[in-house]
Structures are given as structure tokens and as C-alpha cells.
Amino acid sequence: MMSIDLHLHTQASDGTLTPKELLAKAKKYGLMAVSITDHDVIDSLQEGVAIAANLGLTFIPGVEISASYTADLSLHILGYGIDPQNPKLRKVLRQNQQAWEQSEEDSIAALEKINIKIDRLRYNYWKTHSEMGGWPLFNTLREMGLVSDMKEYFSKYFGWGQPAYITILFASPREVISAIKAAGGVPILAHPGLYVEGTTKLITRASFRQTLISWGIEGLEAIASGHSAEETAFLLTYCQNNNLLVTGGSDYHGEFAGRSLGVPKVDDAYLQPLLSAIEQAQQRIIVKHI
């Protein structure tokens with residue numbers, strides 16, 4: 001069995017590695033196909049295409065787009081095979097980037113209310129030094145000795161109900177899925193087992209699964225970090241029974257996030273159906289514009 005990893009992040013969003021470093025590592029680990037799926041940005045894709053070709057890796061241009069499901073819950077939707085230059089896609093990404101930037105300012109203001117003053121010089125330094133991951137507030141707070149890792153960052157300040165928790169308004173799931181399709185891409189729900197509303201995992205609700213399909217989702221990232229064996233089995237069966245694509249990946253950001261490249265292992269048997277779906281999506285775009 002050859003392995004693939006279709007959920008990877010670079011310094012363009014919140015990973016610690018450049019595209020060159022990341023793809024070289026993927027090659028070293030014996031992966032045969034990869035996708036860079038940075039959060040709400042596509043800046044690493046052009047470089048990624050060229051590097052992957054030189055390394056002999058199958059490369060799928062991707063993106064992971066935030067979508068507001070409720071005021072307090074965002075979904076992450078992966079777009080595979082996208083045209084990064086598509087105007088509709090770029091509009092959604094700009095909207096989300098503006099939301100991220102506003103949330104950072106709101107977070108800094110919330111911290112000040114509990115007498116934590118952020119040094120703007122250090123914060124701005126970390127905004128432009130992505131080798132530690134694109135989390136300038138985390139790196140600044142760690143430098144101040146207030147947090148030691150990402151778990152503490154969320155449990156003390158930024159998790160739901162904590163003093164610096166901020167609601168961020170992203171594009172809606174329908175908008176995101178529509179933009180991915182307009183860009184000739186295939187929309188897949190990332191790590192579906194990780195979304196919780198109240199005490200219930202959303203994916204366990206038949207109504208939510210039906211809503212996903214009504215929005216136009218074409219598959220689930222059934223094989224993902226954070227899924228139990230039981231969840232993975234359930235998601236694989238659901239995809240099979242509902243003619244949905246299966247994808248998988250590590251959601252690798254670098255060592256600081258506690259995930260390993262190529263883990264969990266994803267069989268390359270899931271690659272060809274995705275590539276075929278991408279080809280069909282791109283053909284639909286061509287026909288539409290003839």
C-alpha cells in the first residue's frame with residue numbers, strides 16, 4: 001500500500017515549514033500524493049506545484065476554508081483541485097482573511113480587559129516570522145511566559161467560554177462550497193468528527209449529514225487526526241452508502257501542533273476517485289464557459 005496525505009499546512013497560514021521543506025519531508029516519508037491545504041490562503045500553491053513535480057509527487061492544489069455554521073461554530077471545508085485565480089474563490093478568501101484580522105484585534109482588546117498588555121513590536125515580529133507557525137498571539141503569549149503550548153493557549157484564554165474567546169464571522173458553508181465549485185474544485189468536509197454542538201458531535205445527527213449533502217458537499221475526510229477507529233468506520237460506511245468521496249490526511253502544521261506527517265495512514269486507493277471527481281469538476285467549468 002502506498003500512502004497519501006491530503007491535509008497539509010505551510011507557513012502561508014499556520015504551519016512551520018515552507019512548501020519546499022514540507023514536500024521534501026513528504027518525499028522522505030514515502031508519501032506518493034499530497035495536498036497543501038492552508039487556512040483561507042492559497043499563497044503556497046504555485047510553489048508547491050513546481051516542487052512536487054521535481055520530487056515526483058502527485059500534487060493536488062488545495063485550500064481549507066472556514067465557514068460559519070453558527071455564531072459559535074465554524075466548519076472547515078477542503079477544496080481540492082481548485083483554480084487559485086478564480087474570482088469567486090478569491091472573494092471568499094479575502095472575506096475570511098478580513099475576519100481573521102479583525103478577530104486578532106478583538107482578541108488583543110479582550111486580553112487588555114484582563115490586564116494582559118500585548119507588546120505590539122513583538123506581536124508584529126511574530127506576524128512576519130512564520131517559522132514558528134502563523135500564530136502571532138500564541139508566540140507572543142508564550143514569550144511572555146503566560147502559555148507553554150497550544151492546549152494551554154485555548155484552555156486559559158481562547159477556548160469557548162474563556163476570557164479572550166472571540167466569535168468570528170466567516171463566509172457561510174453554502175458560499176464556501178459554491179466558491180470551491182466555481183473554481184473547478186471538489187468540496188470535502190474536513191475532520192467531520194471534531195465538530196461539537198452542546199454535547200453532541202454534529203456528524204452523528206442524520207439531519208446534519210443531510211444538510212451537508214443539500215449544500216453540495218461531495219465527500220468527507222473520514223480518515224483524520226482526532227477520529228477514533230469507530231468514528232472512522234462509521235464515516236467510511238456512510239460515504240460508501242451515500243456515494244460520497246473519502247479523503248484523509250494528517251492536518252500537519254509542524255511538530256508544535258502535536259501531529260505527525262502521514263499519520264493516520266491513508267491508502268492511495270482513495271486518490272483516483274478524488275482525481276476523477278476533480279477532472280469532472282473542471283470539465284463542467286469548461287463546458288459552462290463555452
# chains A, B, ... in the order shown; residues from 1 in each chain; ligands from 1
>>> select_by_dssp(residues="stretch 48-168 of chain A", states="alpha helix (DSSP H)", output="ChimeraX atom specification")
/A:48-55,87-113,120-127,136-143,150-153
>>> residues_around(residues="A:Leu245", least_positions_apart="6", cutoff="12 Å", atoms="only C-alpha atoms", output="PyMOL selection string")
chain A and resi 80+186-189+213+217-223+235-239+269-278
>>> closest_residue(among="A:Phe234, A:Phe138, A:Phe158, A:Tyr125", to="A:Ile203", atoms="only C-alpha atoms")
A:Phe234
>>> residues_around(residues="stretch 65-76 of chain A", least_positions_apart="2", cutoff="8 Å", atoms="only C-alpha atoms", output="list in words")
His39, Asp40, Val63, Leu78, Gly79, Leu93, Asn96, Thr167, Ile168, Leu169, Phe170, Ala171, Ser172, Pro173, Val176, Leu189, Ala190, His191, Tyr195 and Glu197 of chain A
>>> closest_residue(among="A:Met32, A:Pro136, A:Glu104, A:Pro19", to="A:Ile4", atoms="only C-alpha atoms")
A:Met32
>>> closest_residue(among="A:Asp149, A:Glu112, A:Asp43, A:Glu231", to="A:Glu255", atoms="only C-alpha atoms")
A:Asp149
>>> closest_residue(among="A:Ala26, A:Leu57, A:Ile285, A:Val41", to="A:Trp100", atoms="only C-alpha atoms")
A:Val41
>>> closest_residue(among="A:Pro264, A:Gly185, A:Gly198, A:Gly145", to="A:Ile60", atoms="only C-alpha atoms")
A:Gly185
>>> atom_distance(atom1="atom CA of A:Thr247", atom2="atom CA of A:Val266")
7.9 Å
>>> residues_around(residues="A:Leu8", least_positions_apart="3", cutoff="12 Å", atoms="only C-alpha atoms", output="PyMOL selection string")
chain A and resi 4-5+11-19+21-23+25-26+33-39+44-45+48+59-64+78+190+224-225+248-254+259-263
>>> decode(residues="stretch 258-285 of chain A", atoms="N, CA and C atoms", output="compact mmCIF listing (two decimals), in the first residue's frame")
# COMPACT_ATOMS: atom_id res chain seq x y z
N GLY A 258 1.48 18.89 17.54
CA GLY A 258 1.27 17.56 18.09
C GLY A 258 0.77 16.53 17.10
N ARG A 259 0.92 16.79 15.80
CA ARG A 259 0.52 15.81 14.79
C ARG A 259 1.73 15.42 13.95
N SER A 260 1.67 14.24 13.37
CA SER A 260 2.79 13.73 12.60
C SER A 260 2.42 13.60 11.13
N LEU A 261 3.36 13.95 10.28
CA LEU A 261 3.15 13.84 8.84
C LEU A 261 2.86 12.39 8.46
N GLY A 262 1.82 12.20 7.64
CA GLY A 262 1.49 10.86 7.18
C GLY A 262 0.74 10.01 8.18
N VAL A 263 0.30 10.60 9.28
CA VAL A 263 -0.45 9.87 10.32
C VAL A 263 -1.79 10.56 10.54
N PRO A 264 -2.90 9.84 10.41
CA PRO A 264 -3.02 8.41 10.14
C PRO A 264 -2.67 8.06 8.69
N LYS A 265 -2.36 6.80 8.48
CA LYS A 265 -2.04 6.35 7.12
C LYS A 265 -3.31 6.35 6.27
N VAL A 266 -3.18 6.87 5.07
CA VAL A 266 -4.31 6.93 4.13
C VAL A 266 -3.91 6.17 2.88
N ASP A 267 -4.67 5.14 2.56
CA ASP A 267 -4.40 4.28 1.42
C ASP A 267 -4.57 5.07 0.11
N ASP A 268 -3.65 4.84 -0.83
CA ASP A 268 -3.74 5.55 -2.11
C ASP A 268 -4.94 5.10 -2.95
N ALA A 269 -5.67 4.09 -2.49
CA ALA A 269 -6.89 3.67 -3.20
C ALA A 269 -7.92 4.80 -3.22
N TYR A 270 -7.83 5.74 -2.28
CA TYR A 270 -8.78 6.85 -2.23
C TYR A 270 -8.38 8.00 -3.17
N LEU A 271 -7.19 7.90 -3.76
CA LEU A 271 -6.70 9.00 -4.59
C LEU A 271 -7.41 9.10 -5.94
N GLN A 272 -7.50 7.99 -6.66
CA GLN A 272 -8.05 8.05 -8.01
C GLN A 272 -9.49 8.54 -8.06
N PRO A 273 -10.38 8.09 -7.16
CA PRO A 273 -11.74 8.65 -7.19
C PRO A 273 -11.76 10.17 -7.02
N LEU A 274 -10.87 10.68 -6.18
CA LEU A 274 -10.80 12.13 -6.00
C LEU A 274 -10.29 12.81 -7.26
N LEU A 275 -9.24 12.26 -7.86
CA LEU A 275 -8.70 12.84 -9.09
C LEU A 275 -9.75 12.82 -10.21
N SER A 276 -10.53 11.76 -10.28
CA SER A 276 -11.59 11.68 -11.30
C SER A 276 -12.66 12.73 -11.05
N ALA A 277 -13.01 12.94 -9.77
CA ALA A 277 -14.01 13.95 -9.43
C ALA A 277 -13.51 15.35 -9.76
N ILE A 278 -12.21 15.59 -9.54
CA ILE A 278 -11.62 16.89 -9.88
C ILE A 278 -11.67 17.11 -11.39
N GLU A 279 -11.33 16.07 -12.15
CA GLU A 279 -11.37 16.18 -13.62
C GLU A 279 -12.78 16.49 -14.10
N GLN A 280 -13.77 15.83 -13.51
CA GLN A 280 -15.16 16.10 -13.88
C GLN A 280 -15.58 17.51 -13.51
N ALA A 281 -15.15 17.98 -12.34
CA ALA A 281 -15.49 19.34 -11.90
C ALA A 281 -14.89 20.37 -12.84
N GLN A 282 -13.66 20.15 -13.26
CA GLN A 282 -13.01 21.09 -14.16
C GLN A 282 -13.64 21.06 -15.55
N GLN A 283 -14.09 19.88 -16.00
CA GLN A 283 -14.78 19.77 -17.28
C GLN A 283 -16.09 20.53 -17.26
N ARG A 284 -16.80 20.48 -16.12
CA ARG A 284 -18.07 21.21 -16.00
C ARG A 284 -17.84 22.71 -16.15
N ILE A 285 -16.73 23.20 -15.58
CA ILE A 285 -16.42 24.63 -15.68
C ILE A 285 -16.12 25.00 -17.13
